[in-house]
$ cat model.cif   # mmCIF, C-alpha atoms
data_model
loop_
_atom_site.label_atom_id
_atom_site.label_comp_id
_atom_site.auth_asym_id
_atom_site.auth_seq_id
_atom_site.Cartn_x
_atom_site.Cartn_y
_atom_site.Cartn_z
CA MET A 83 218.12 59.55 141.96
CA ARG A 84 217.81 57.88 145.38
CA MET A 85 215.18 55.44 146.62
CA TYR A 86 215.21 57.23 150.00
CA ASP A 87 214.00 60.45 148.35
CA ILE A 88 211.24 58.64 146.45
CA ILE A 89 209.97 57.01 149.65
CA MET A 90 209.97 60.33 151.52
CA LYS A 91 208.24 62.13 148.66
CA LYS A 92 205.35 59.65 148.57
CA ARG A 93 205.22 59.47 152.39
CA ASN A 94 204.60 63.23 152.34
CA GLY A 95 201.75 62.84 149.85
CA GLU A 96 203.58 64.22 146.82
CA LYS A 97 203.19 62.96 143.26
CA LEU A 98 205.89 60.70 141.82
CA THR A 99 207.16 61.31 138.29
CA PRO A 100 207.23 58.56 135.63
CA GLU A 101 211.03 58.68 135.88
CA GLU A 102 210.96 58.05 139.64
CA ILE A 103 208.48 55.20 139.24
CA GLY A 104 210.56 53.69 136.43
CA PHE A 105 213.71 54.00 138.56
CA PHE A 106 212.31 51.99 141.47
CA ILE A 107 210.64 49.34 139.26
CA THR A 108 213.80 48.80 137.20
CA GLY A 109 216.03 48.76 140.28
CA TYR A 110 213.78 46.41 142.21
CA THR A 111 213.42 44.00 139.28
CA ARG A 112 217.21 43.83 138.89
CA GLY A 113 217.72 43.32 142.61
CA ASP A 114 219.50 46.65 143.16
CA ILE A 115 216.84 48.00 145.54
CA PRO A 116 216.18 45.94 148.69
CA ASP A 117 212.82 44.64 149.86
CA TYR A 118 212.73 46.85 152.94
CA GLN A 119 212.85 50.06 150.88
CA VAL A 120 210.17 48.90 148.44
CA SER A 121 208.04 47.76 151.41
CA ALA A 122 208.28 51.28 152.82
CA LEU A 123 207.25 52.77 149.48
CA MET A 124 204.30 50.37 149.12
CA MET A 125 203.07 51.35 152.59
CA ALA A 126 203.39 55.03 151.66
CA VAL A 127 201.38 54.36 148.48
CA TYR A 128 198.81 52.41 150.49
CA PHE A 129 198.14 55.41 152.74
CA GLN A 130 198.76 58.31 150.34
CA GLY A 131 197.42 56.76 147.14
CA MET A 132 198.37 57.38 143.52
CA ASP A 133 196.60 59.54 140.95
CA GLU A 134 195.70 58.42 137.42
CA GLU A 135 199.02 59.49 135.89
CA GLU A 136 201.06 57.74 138.59
CA THR A 137 198.98 54.57 138.25
CA LEU A 138 199.46 54.51 134.47
CA ALA A 139 203.20 55.12 134.86
CA LEU A 140 203.47 52.28 137.38
CA THR A 141 201.53 49.94 135.08
CA MET A 142 203.68 50.77 132.06
CA ALA A 143 206.91 50.39 134.04
CA MET A 144 205.85 46.93 135.24
CA ALA A 145 204.67 45.93 131.76
CA HIS A 146 208.04 46.92 130.29
CA SER A 147 210.04 45.19 133.05
CA GLY A 148 210.17 42.02 130.92
CA ASP A 149 209.02 40.80 127.53
CA MET A 150 206.43 42.81 125.62
CA LEU A 151 204.82 40.37 123.20
CA ASP A 152 204.82 41.58 119.62
CA LEU A 153 201.70 40.24 117.94
CA SER A 154 202.02 42.36 114.80
CA ALA A 155 202.57 39.20 112.73
CA ILE A 156 198.95 38.26 113.46
CA GLY A 157 196.55 39.83 110.99
CA GLY A 158 193.62 41.89 112.24
CA ILE A 159 192.72 43.30 115.62
CA LYS A 160 193.69 41.06 118.54
CA VAL A 161 191.22 41.16 121.44
CA ASP A 162 191.92 39.80 124.92
CA LYS A 163 189.51 39.13 127.75
CA HIS A 164 190.39 39.04 131.43
CA SER A 165 188.31 38.02 134.43
CA THR A 166 189.12 38.96 138.00
CA GLY A 167 188.01 35.43 138.88
CA GLY A 168 185.22 33.70 140.70
CA VAL A 169 183.50 30.40 141.44
CA GLY A 170 182.46 28.42 138.38
CA ASP A 171 184.09 30.97 136.07
CA LYS A 172 184.75 28.91 132.95
CA THR A 173 183.96 31.82 130.62
CA SER A 174 187.08 31.72 128.42
CA LEU A 175 186.39 28.08 127.51
CA ALA A 176 183.16 28.99 125.71
CA LEU A 177 183.67 32.68 124.96
CA ALA A 178 186.97 32.41 123.08
CA PRO A 179 185.67 29.85 120.51
CA MET A 180 182.45 31.84 120.06
CA VAL A 181 184.31 35.06 119.32
CA ALA A 182 186.95 33.36 117.15
CA ALA A 183 184.20 31.70 115.11
CA CYS A 184 182.93 35.23 114.33
CA GLY A 185 186.31 36.27 112.93
CA VAL A 186 188.02 38.09 115.81
CA LYS A 187 191.54 36.86 116.60
CA ILE A 188 192.02 35.49 120.14
CA ALA A 189 195.68 35.42 121.19
CA LYS A 190 195.53 34.85 124.93
CA MET A 191 197.93 34.08 127.74
CA SER A 192 196.49 32.37 130.81
CA GLY A 193 197.71 30.97 134.09
CA ARG A 194 197.05 28.14 136.48
CA GLY A 195 194.78 28.58 139.46
CA LEU A 196 195.71 28.81 143.12
CA GLY A 197 192.42 28.42 144.94
CA HIS A 198 189.11 26.61 144.71
CA THR A 199 189.56 25.32 141.13
CA GLY A 200 192.27 25.36 138.54
CA GLY A 201 192.79 28.21 136.11
CA THR A 202 191.95 28.17 132.42
CA ILE A 203 195.06 26.13 131.62
CA ASP A 204 194.22 23.48 134.22
CA LYS A 205 190.69 23.18 132.89
CA LEU A 206 191.88 22.84 129.30
CA GLU A 207 194.13 19.97 130.38
CA SER A 208 190.92 17.98 130.91
CA PHE A 209 191.36 17.27 127.19
CA ALA A 210 193.88 14.41 126.97
CA GLY A 211 197.18 15.63 125.51
CA PHE A 212 196.31 19.33 125.51
CA SER A 213 199.28 21.64 126.17
CA THR A 214 199.75 25.37 126.53
CA ALA A 215 203.53 24.95 126.63
CA ILE A 216 203.93 26.09 123.04
CA SER A 217 206.46 28.38 121.40
CA LEU A 218 205.65 31.94 120.46
CA ASP A 219 206.05 30.99 116.78
CA HIS A 220 203.49 28.19 117.20
CA PHE A 221 201.20 30.58 119.08
CA ILE A 222 201.27 33.23 116.33
CA ARG A 223 200.97 30.71 113.50
CA GLN A 224 197.99 29.03 115.16
CA VAL A 225 196.13 32.32 115.66
CA ASN A 226 196.67 33.19 112.01
CA GLU A 227 195.48 29.76 110.87
CA ILE A 228 192.46 29.06 113.11
CA GLY A 229 191.90 32.37 114.91
CA ILE A 230 192.55 31.21 118.48
CA SER A 231 195.36 30.10 120.77
CA ILE A 232 195.94 30.13 124.52
CA MET A 233 199.46 29.74 125.86
CA GLY A 234 200.89 29.71 129.37
CA GLN A 235 202.31 32.90 130.82
CA THR A 236 206.04 33.17 130.40
CA ALA A 237 208.35 33.88 133.33
CA ASP A 238 209.50 37.04 131.58
CA LEU A 239 206.03 38.60 131.32
CA ALA A 240 205.87 41.57 133.73
CA PRO A 241 208.43 40.09 136.19
CA ALA A 242 208.26 43.27 138.30
CA ASP A 243 204.63 42.54 139.06
CA LYS A 244 205.38 39.00 140.27
CA LYS A 245 208.11 40.28 142.57
CA LEU A 246 206.13 43.26 143.80
CA TYR A 247 202.95 41.26 144.44
CA ALA A 248 204.84 38.68 146.52
CA LEU A 249 206.18 41.53 148.65
CA ARG A 250 202.78 43.24 148.99
CA ASP A 251 201.23 39.92 150.00
CA VAL A 252 203.41 39.71 153.13
CA THR A 253 203.41 43.43 154.01
CA ALA A 254 199.61 44.05 154.13
CA THR A 255 199.70 46.34 151.09
CA VAL A 256 197.65 44.31 148.60
CA ASP A 257 194.39 46.18 149.18
CA ASN A 258 195.04 49.43 147.25
CA MET A 259 193.11 50.18 144.05
CA SER A 260 196.07 51.59 142.10
CA LEU A 261 198.29 48.67 143.05
CA ILE A 262 195.61 46.09 142.24
CA ALA A 263 194.73 47.66 138.89
CA SER A 264 198.34 48.14 137.81
CA SER A 265 199.15 44.52 138.73
CA ILE A 266 196.37 43.16 136.51
CA MET A 267 196.82 45.57 133.63
CA SER A 268 200.63 45.33 133.42
CA LYS A 269 200.28 41.67 132.40
CA LYS A 270 197.46 42.42 129.96
CA LEU A 271 199.45 45.20 128.26
CA ALA A 272 202.59 43.05 128.09
CA ALA A 273 200.57 40.28 126.43
CA GLY A 274 200.22 42.42 123.31
CA ALA A 275 196.48 42.57 122.54
CA ASP A 276 195.09 45.60 120.69
CA ALA A 277 191.88 45.69 122.75
CA ILE A 278 190.94 44.36 126.19
CA VAL A 279 187.54 43.40 127.59
CA LEU A 280 187.48 43.03 131.37
CA ASP A 281 185.04 40.92 133.38
CA VAL A 282 185.18 42.42 136.87
CA LYS A 283 183.39 40.19 139.37
CA THR A 284 181.55 41.46 142.43
CA GLY A 285 180.12 39.61 145.42
CA SER A 286 180.92 36.95 147.99
CA GLY A 287 182.79 34.75 145.51
CA ALA A 288 184.86 37.59 144.04
CA PHE A 289 188.09 39.34 144.97
CA MET A 290 186.07 42.56 145.31
CA LYS A 291 183.17 41.87 147.67
CA THR A 292 181.21 45.12 147.22
CA LEU A 293 179.78 46.68 144.09
CA GLU A 294 181.38 50.01 145.00
CA ASP A 295 184.88 48.49 145.08
CA SER A 296 184.28 46.48 141.91
CA LEU A 297 183.15 49.57 140.00
CA ALA A 298 186.16 51.51 141.28
CA LEU A 299 188.53 48.76 140.10
CA ALA A 300 186.78 48.55 136.72
CA ARG A 301 187.05 52.31 136.19
CA GLU A 302 190.73 52.29 137.16
CA MET A 303 191.59 49.47 134.75
CA VAL A 304 189.62 51.00 131.88
CA ARG A 305 191.46 54.29 132.43
CA ILE A 306 194.80 52.50 132.40
CA GLY A 307 194.05 50.52 129.24
CA ASN A 308 192.75 53.48 127.30
CA GLY A 309 195.63 55.62 128.61
CA ALA A 310 198.05 53.03 127.24
CA GLY A 311 196.43 53.24 123.79
CA ARG A 312 194.48 49.97 124.00
CA ARG A 313 190.74 50.08 123.55
CA THR A 314 189.47 48.86 126.91
CA MET A 315 186.03 48.24 128.34
CA ALA A 316 184.72 46.47 131.43
CA VAL A 317 181.65 44.46 132.40
CA VAL A 318 180.91 44.30 136.13
CA SER A 319 179.18 40.95 136.66
CA ASP A 320 177.71 39.15 139.64
CA MET A 321 179.57 36.62 141.77
CA ASP A 322 177.19 36.39 144.73
CA GLN A 323 176.46 32.86 143.53
CA PRO A 324 178.46 30.55 141.26
CA LEU A 325 178.38 31.25 137.53
CA GLY A 326 176.37 28.59 135.73
CA ARG A 327 175.96 25.35 137.65
CA ALA A 328 179.28 23.49 137.41
CA VAL A 329 182.18 24.12 139.82
CA GLY A 330 185.23 21.96 139.14
CA ASN A 331 187.61 21.58 136.25
CA ALA A 332 186.30 18.89 133.87
CA LEU A 333 182.74 19.63 135.00
CA GLU A 334 183.20 23.25 133.92
CA VAL A 335 184.64 22.14 130.59
CA LYS A 336 181.55 20.01 130.03
CA GLU A 337 179.31 22.97 130.84
CA ALA A 338 181.24 25.14 128.39
CA ILE A 339 180.76 22.45 125.71
CA ASP A 340 177.03 22.30 126.52
CA THR A 341 176.87 26.08 126.16
CA LEU A 342 178.60 26.03 122.78
CA GLY A 343 175.97 23.47 121.77
CA GLY A 344 173.20 25.85 122.85
CA GLN A 345 172.29 23.82 125.96
CA GLY A 346 174.16 25.67 128.70
CA PRO A 347 172.83 27.57 131.74
CA GLU A 348 171.06 30.80 130.93
CA ASP A 349 173.25 33.04 133.10
CA PHE A 350 176.47 31.65 131.65
CA MET A 351 175.27 32.11 128.07
CA GLU A 352 174.16 35.66 128.84
CA LEU A 353 177.58 36.56 130.24
CA CYS A 354 179.26 35.08 127.15
CA MET A 355 176.94 37.11 124.93
CA THR A 356 177.57 40.32 126.87
CA LEU A 357 181.36 39.95 126.87
CA GLY A 358 181.45 38.51 123.37
CA SER A 359 179.47 41.37 121.88
CA ARG A 360 181.98 43.86 123.32
CA MET A 361 184.84 41.79 121.92
CA LEU A 362 183.30 41.75 118.45
CA MET A 363 182.74 45.50 118.56
CA ALA A 364 186.30 46.12 119.82
CA GLY A 365 187.58 43.84 117.06
CA GLY A 366 185.74 45.77 114.35
CA ARG A 367 183.46 42.87 113.40
CA ALA A 368 180.19 44.42 114.57
CA GLU A 369 178.85 47.97 114.63
CA ASP A 370 176.59 47.56 117.65
CA GLU A 371 175.52 45.10 120.33
CA LYS A 372 172.53 43.72 118.41
CA GLU A 373 174.64 42.86 115.36
CA ALA A 374 177.28 41.28 117.60
CA ARG A 375 174.76 39.17 119.51
CA ASP A 376 173.21 37.97 116.26
CA MET A 377 176.66 36.88 115.05
CA LEU A 378 177.43 35.04 118.28
CA ARG A 379 174.04 33.31 118.29
CA GLN A 380 174.58 32.20 114.69
CA ALA A 381 178.03 30.83 115.58
CA VAL A 382 176.42 28.70 118.30
CA ASP A 383 173.34 27.65 116.35
CA SER A 384 175.36 26.63 113.27
CA GLY A 385 177.86 24.56 115.26
CA ALA A 386 180.74 26.80 114.16
CA ALA A 387 181.64 27.76 117.74
CA LEU A 388 181.78 24.13 118.88
CA ASP A 389 183.87 23.22 115.82
CA LYS A 390 186.22 26.10 116.64
CA LEU A 391 186.78 24.63 120.11
CA ALA A 392 187.62 21.29 118.50
CA ASP A 393 190.08 22.97 116.10
CA PHE A 394 191.69 24.78 119.03
CA VAL A 395 192.05 21.62 121.14
CA ARG A 396 193.46 19.66 118.18
CA ALA A 397 195.98 22.40 117.31
CA GLN A 398 197.46 22.27 120.82
CA GLY A 399 197.84 18.50 120.99
CA GLY A 400 194.55 17.63 122.66
CA ASP A 401 192.01 14.99 121.68
CA PRO A 402 189.05 16.84 120.11
CA ALA A 403 186.80 13.79 120.40
CA ALA A 404 185.78 14.94 123.89
CA VAL A 405 184.38 18.16 122.40
CA TYR A 406 181.69 16.07 120.69
CA ASP A 407 181.50 13.39 123.40
CA PRO A 408 182.06 15.02 126.84
CA ASP A 409 181.77 11.61 128.51
CA LEU A 410 185.41 11.19 127.44
CA LEU A 411 186.47 13.92 129.89
CA PRO A 412 187.81 12.91 133.33
CA ALA A 413 184.97 11.66 135.55
CA ALA A 414 184.79 11.03 139.30
CA THR A 415 184.04 7.55 140.60
CA HIS A 416 181.16 8.72 142.80
CA VAL A 417 178.27 11.13 142.19
CA GLU A 418 175.86 11.77 145.05
CA PRO A 419 173.07 14.31 145.57
CA ILE A 420 173.25 16.82 148.41
CA LEU A 421 169.70 17.10 149.71
CA ALA A 422 167.83 20.07 151.16
CA CYS A 423 167.05 19.68 154.86
CA THR A 424 163.94 21.90 154.80
CA ASP A 425 161.43 23.42 152.40
CA GLY A 426 161.95 26.99 151.22
CA TYR A 427 163.19 29.49 148.72
CA ILE A 428 166.94 29.80 148.31
CA ARG A 429 167.63 33.29 149.60
CA ARG A 430 171.42 33.24 149.52
CA ILE A 431 174.38 31.15 148.46
CA GLN A 432 177.68 32.02 150.14
CA CYS A 433 179.62 31.73 146.91
CA ASP A 434 183.13 31.46 148.33
CA GLU A 435 181.99 28.54 150.53
CA ILE A 436 181.01 26.61 147.39
CA GLY A 437 184.51 27.29 146.11
CA VAL A 438 185.98 25.89 149.31
CA CYS A 439 183.90 22.73 148.81
CA SER A 440 185.52 22.22 145.42
CA LEU A 441 188.94 22.75 146.99
CA LEU A 442 188.22 20.23 149.75
CA LEU A 443 187.18 17.64 147.14
CA GLY A 444 190.61 18.06 145.50
CA GLY A 445 189.58 20.35 142.66
CA GLY A 446 191.89 23.23 143.58
CA ARG A 447 195.34 24.09 144.89
CA GLU A 448 196.15 25.06 148.45
CA THR A 449 199.81 25.51 147.48
CA LYS A 450 201.62 25.96 144.16
CA ASP A 451 202.74 22.32 144.30
CA SER A 452 199.30 20.80 144.97
CA GLN A 453 198.01 18.29 142.42
CA ILE A 454 194.53 18.99 141.08
CA ASP A 455 191.95 16.24 140.63
CA LEU A 456 190.33 17.37 137.37
CA SER A 457 187.31 15.09 137.77
CA VAL A 458 185.82 16.32 141.06
CA GLY A 459 183.49 19.18 141.91
CA LEU A 460 179.87 20.18 142.26
CA VAL A 461 176.94 20.68 139.90
CA LEU A 462 174.29 22.90 141.46
CA ALA A 463 170.68 21.81 141.04
CA ALA A 464 169.16 24.89 142.71
CA LYS A 465 170.23 28.54 142.80
CA VAL A 466 169.04 31.78 144.37
CA GLY A 467 165.30 32.29 143.91
CA ASP A 468 164.51 28.59 143.36
CA TYR A 469 162.03 26.77 145.62
CA VAL A 470 163.05 23.39 147.02
CA LYS A 471 161.37 20.81 149.19
CA ALA A 472 163.11 18.86 151.93
CA GLY A 473 164.87 15.89 150.36
CA GLN A 474 165.19 17.58 146.97
CA PRO A 475 168.75 17.89 145.55
CA LEU A 476 170.52 21.21 146.04
CA ALA A 477 173.57 19.93 144.15
CA TYR A 478 175.37 16.81 142.97
CA MET A 479 178.80 16.13 144.41
CA HIS A 480 181.37 14.42 142.16
CA TYR A 481 184.14 12.87 144.26
CA ASN A 482 186.76 10.15 144.48
CA ASP A 483 187.75 10.27 148.17
CA PRO A 484 184.93 9.66 150.73
CA ALA A 485 186.84 11.50 153.48
CA ARG A 486 187.16 14.57 151.27
CA ALA A 487 183.47 14.30 150.37
CA GLU A 488 182.47 14.28 154.05
CA ALA A 489 184.45 17.47 154.72
CA ALA A 490 182.97 19.17 151.64
CA LEU A 491 179.42 18.15 152.56
CA GLU A 492 179.69 19.74 155.99
CA ARG A 493 180.94 22.96 154.40
CA PHE A 494 178.31 22.93 151.66
CA HIS A 495 175.33 23.16 154.02
CA ARG A 496 176.79 26.35 155.52
CA ALA A 497 176.62 28.01 152.10
CA TYR A 498 172.87 27.75 151.48
CA THR A 499 170.30 29.94 153.26
CA LEU A 500 166.61 29.11 152.75
CA ASP A 501 163.61 31.34 153.52
CA ARG A 502 159.83 30.94 153.52
CA GLU A 503 159.38 34.10 151.45
CA PRO A 504 160.11 34.23 147.70
CA THR A 505 163.29 36.01 146.69
CA CYS A 506 164.84 37.15 143.44
CA ALA A 507 168.22 36.22 142.00
CA PRO A 508 170.75 39.08 141.92
CA PRO A 509 171.24 40.82 138.56
CA LEU A 510 173.94 39.17 136.44
CA ILE A 511 175.25 42.36 134.82
CA HIS A 512 175.61 45.32 137.14
CA GLN A 513 177.25 47.85 134.83
CA ILE A 514 179.21 48.18 131.60
CA LEU A 515 182.03 50.75 131.36
CA GLU A 516 183.45 51.80 128.00
#
$ encode --input "model.cif" --output "structure tokens"
Amino acid sequence: MRMYDIIMKKRNGEKLTPEEIGFFITGYTRGDIPDYQVSALMMAVYFQGMDEEETLALTMAMAHSGDMLDLSAIGGIKVDKHSTGGVGDKTSLALAPMVAACGVKIAKMSGRGLGHTGGTIDKLESFAGFSTAISLDHFIRQVNEIGISIMGQTADLAPADKKLYALRDVTATVDNMSLIASSIMSKKLAAGADAIVLDVKTGSGAFMKTLEDSLALAREMVRIGNGAGRRTMAVVSDMDQPLGRAVGNALEVKEAIDTLGGQGPEDFMELCMTLGSRMLMAGGRAEDEKEARDMLRQAVDSGAALDKLADFVRAQGGDPAAVYDPDLLPAATHVEPILACTDGYIRRIQCDEIGVCSLLLGGGRETKDSQIDLSVGLVLAAKVGDYVKAGQPLAYMHYNDPARAEAALERFHRAYTLDREPTCAPPLIHQILE
């Protein structure tokens, strides 16, 4: 088998076999096939596309390019949740304890963020002493004992994807549905869960800006997961404005704690209920959505979900006191309101601009080596559809560096569009695919 023949075959619009796909993934991962040949193949795929069978074969080849986690030592059905990411997306922080408190095992691998805020791991490090650098034995034992653990992604998890994505990123071949879906799903399949619930974001603050593209990605990933023998479903949710009200690491942790205490923003709780109900059904704990929602609500109302978060933080070396007293979390030295300049209804929030504000304050990474300030960020006081008067707060900015705050403030005002006419907030849940 020759790489030249595989490139020519796809260039001519022909279908690649699983063996051909496996050959190039294995060879590229080992370093036997050079970048320039894989670049040519990725460009051919970009223009000619891949069908469902090719996409599944590519996903499986990347998943098997490194470690495939064996979670069979964990009793019960293991359910994972993945979000394509957005602004203010702290969902795992509240959702995982809620679902675990209802008896479904959460064995999750997460990463750090490169962008407007940190990833799930960065946010969890708002708890003093918390660590995701735990052994696989610790990970499995903890899930068996308390029902939940989140560990950092290992270097050997789908290494082909890491190498291939870095190449696609510099050869203008990222934007292809098969390549995007296989990149995401290869890591999810390698992580070993029995069932996967996907939160596919759509809108200005999402990777996929249009509903059409978000639905296409969701369908592709659901097909891959089910084709690989994992029960997979997807929720397409809105990211045309930040989720909840907090944007920033410790601020998002606090909002997740508030939500577990029954006091969180309505949209954030609704997303947790929607995703959580699917996770409980996939995990065999509930027959239908109503039963699942009742279980999740009871876990919150009884305090069991909040206690589960405390157990989880304690088990991974963190101080659980902050779960019950969020004032112990990192806090910025300055908090100032950002005031509306005119009266009107908020017609639009350019969501990605709010993310940039958080980044400018120091709450995100511009490079892999950037240090995150966990304490900074924004808490929105008004969202789409709300009426504000001039001088009324649109948000509260939490900052430590006045120069950074000035840059973020200038950017913030670009994000909000006000109108004299009333407007409605966009729907939170656009579609559910099972």
$ resolve_selection --input "model.cif" --expression "the PyMOL selection byres ((chain A and resi 186) around 9)" --output "list in words"
Gly158, Ile159, Lys160, Val161, Val181, Ala182, Ala183, Cys184, Gly185, Lys187, Ile188, Gly229, Ile230, Met361, Leu362, Gly365, Gly366 and Arg367 of chain A
$ resolve_selection --input "model.cif" --expression "the PyMOL selection byres ((chain A and resi 275) around 7)" --output "CSV table (one decimal) with C-alpha atoms, in the frame of the given file"
chain,number,residue,atom,x,y,z
A,160,LYS,CA,193.7,41.1,118.5
A,161,VAL,CA,191.2,41.2,121.4
A,162,ASP,CA,191.9,39.8,124.9
A,271,LEU,CA,199.4,45.2,128.3
A,273,ALA,CA,200.6,40.3,126.4
A,274,GLY,CA,200.2,42.4,123.3
A,276,ASP,CA,195.1,45.6,120.7
A,277,ALA,CA,191.9,45.7,122.8
A,278,ILE,CA,190.9,44.4,126.2
$ residues_around --input "model.cif" --residues "Ala328 (chain A)" --least-positions-apart "4" --cutoff "10 Å" --atoms "only C-alpha atoms" --output "JSON, numbers by chain"
{"A": [169, 170, 171, 172, 324, 332, 333, 334, 335, 336, 337, 338, 347, 459, 460, 461, 462, 463, 477, 478]}
$ resolve_selection --input "model.cif" --expression "the PyMOL selection byres ((chain A and resi 213) around 10)" --output "VMD selection string"
chain A and resid 203 to 204 206 to 207 209 to 212 214 to 216 232 to 234 395 397 to 400
$ closest_residue --input "model.cif" --among "A:Lys269, A:Arg429, A:His220, A:Lys190" --to "Asp149 (chain A)" --atoms "all atoms listed in the file"
A:Lys269
$ closest_residue --input "model.cif" --among "A:Arg486, A:Arg447, A:Arg93, A:Arg502" --to "Tyr128 (chain A)" --atoms "only C-alpha atoms"
A:Arg93
$ atom_distance --input "model.cif" --atom1 "CA of Met150 (chain A)" --atom2 "CA of Lys270 (chain A)"
10.0 Å
$ atom_distance --input "model.cif" --atom1 "CA of Met144 (chain A)" --atom2 "CA of Asp219 (chain A)"
24.4 Å
$ decode --input "model.cif" --residues "region 455-461 of chain A" --atoms "all heavy atoms" --output "mmCIF file, in the first residue's frame"
data_model
loop_
_atom_site.group_PDB
_atom_site.id
_atom_site.type_symbol
_atom_site.label_atom_id
_atom_site.label_comp_id
_atom_site.auth_asym_id
_atom_site.auth_seq_id
_atom_site.Cartn_x
_atom_site.Cartn_y
_atom_site.Cartn_z
ATOM 1 N N ASP A 455 -5.666 34.076 35.115
ATOM 2 C CA ASP A 455 -6.085 34.680 36.378
ATOM 3 C C ASP A 455 -7.484 34.135 36.663
ATOM 4 O O ASP A 455 -8.460 34.518 36.007
ATOM 5 C CB ASP A 455 -6.109 36.205 36.248
ATOM 6 C CG ASP A 455 -6.443 36.899 37.567
ATOM 7 O OD1 ASP A 455 -6.988 36.231 38.471
ATOM 8 O OD2 ASP A 455 -6.186 38.116 37.675
ATOM 9 N N LEU A 456 -7.595 33.228 37.617
ATOM 10 C CA LEU A 456 -8.856 32.544 37.887
ATOM 11 C C LEU A 456 -9.927 33.467 38.451
ATOM 12 O O LEU A 456 -11.117 33.136 38.412
ATOM 13 C CB LEU A 456 -8.623 31.383 38.861
ATOM 14 C CG LEU A 456 -7.759 30.233 38.350
ATOM 15 C CD1 LEU A 456 -7.450 29.259 39.488
ATOM 16 C CD2 LEU A 456 -8.432 29.504 37.200
ATOM 17 N N SER A 457 -9.540 34.623 38.974
ATOM 18 C CA SER A 457 -10.486 35.470 39.701
ATOM 19 C C SER A 457 -11.265 36.439 38.823
ATOM 20 O O SER A 457 -12.296 36.963 39.245
ATOM 21 C CB SER A 457 -9.739 36.269 40.777
ATOM 22 O OG SER A 457 -8.861 37.216 40.194
ATOM 23 N N VAL A 458 -10.784 36.715 37.607
ATOM 24 C CA VAL A 458 -11.365 37.799 36.813
ATOM 25 C C VAL A 458 -12.490 37.311 35.904
ATOM 26 O O VAL A 458 -12.661 36.112 35.677
ATOM 27 C CB VAL A 458 -10.281 38.501 35.969
ATOM 28 C CG1 VAL A 458 -9.196 39.068 36.855
ATOM 29 C CG2 VAL A 458 -9.688 37.541 34.928
ATOM 30 N N GLY A 459 -13.245 38.279 35.373
ATOM 31 C CA GLY A 459 -14.303 37.942 34.430
ATOM 32 C C GLY A 459 -15.447 38.933 34.494
ATOM 33 O O GLY A 459 -15.301 40.058 34.999
ATOM 34 N N LEU A 460 -16.584 38.496 33.988
ATOM 35 C CA LEU A 460 -17.766 39.340 33.915
ATOM 36 C C LEU A 460 -18.980 38.599 34.459
ATOM 37 O O LEU A 460 -19.087 37.379 34.300
ATOM 38 C CB LEU A 460 -18.058 39.730 32.466
ATOM 39 C CG LEU A 460 -16.992 40.564 31.755
ATOM 40 C CD1 LEU A 460 -17.096 40.375 30.253
ATOM 41 C CD2 LEU A 460 -17.134 42.031 32.111
ATOM 42 N N VAL A 461 -19.879 39.327 35.081
ATOM 43 C CA VAL A 461 -21.180 38.790 35.472
ATOM 44 C C VAL A 461 -22.232 39.681 34.826
ATOM 45 O O VAL A 461 -22.336 40.871 35.149
ATOM 46 C CB VAL A 461 -21.358 38.743 36.997
ATOM 47 C CG1 VAL A 461 -22.755 38.240 37.339
ATOM 48 C CG2 VAL A 461 -20.297 37.845 37.634
#
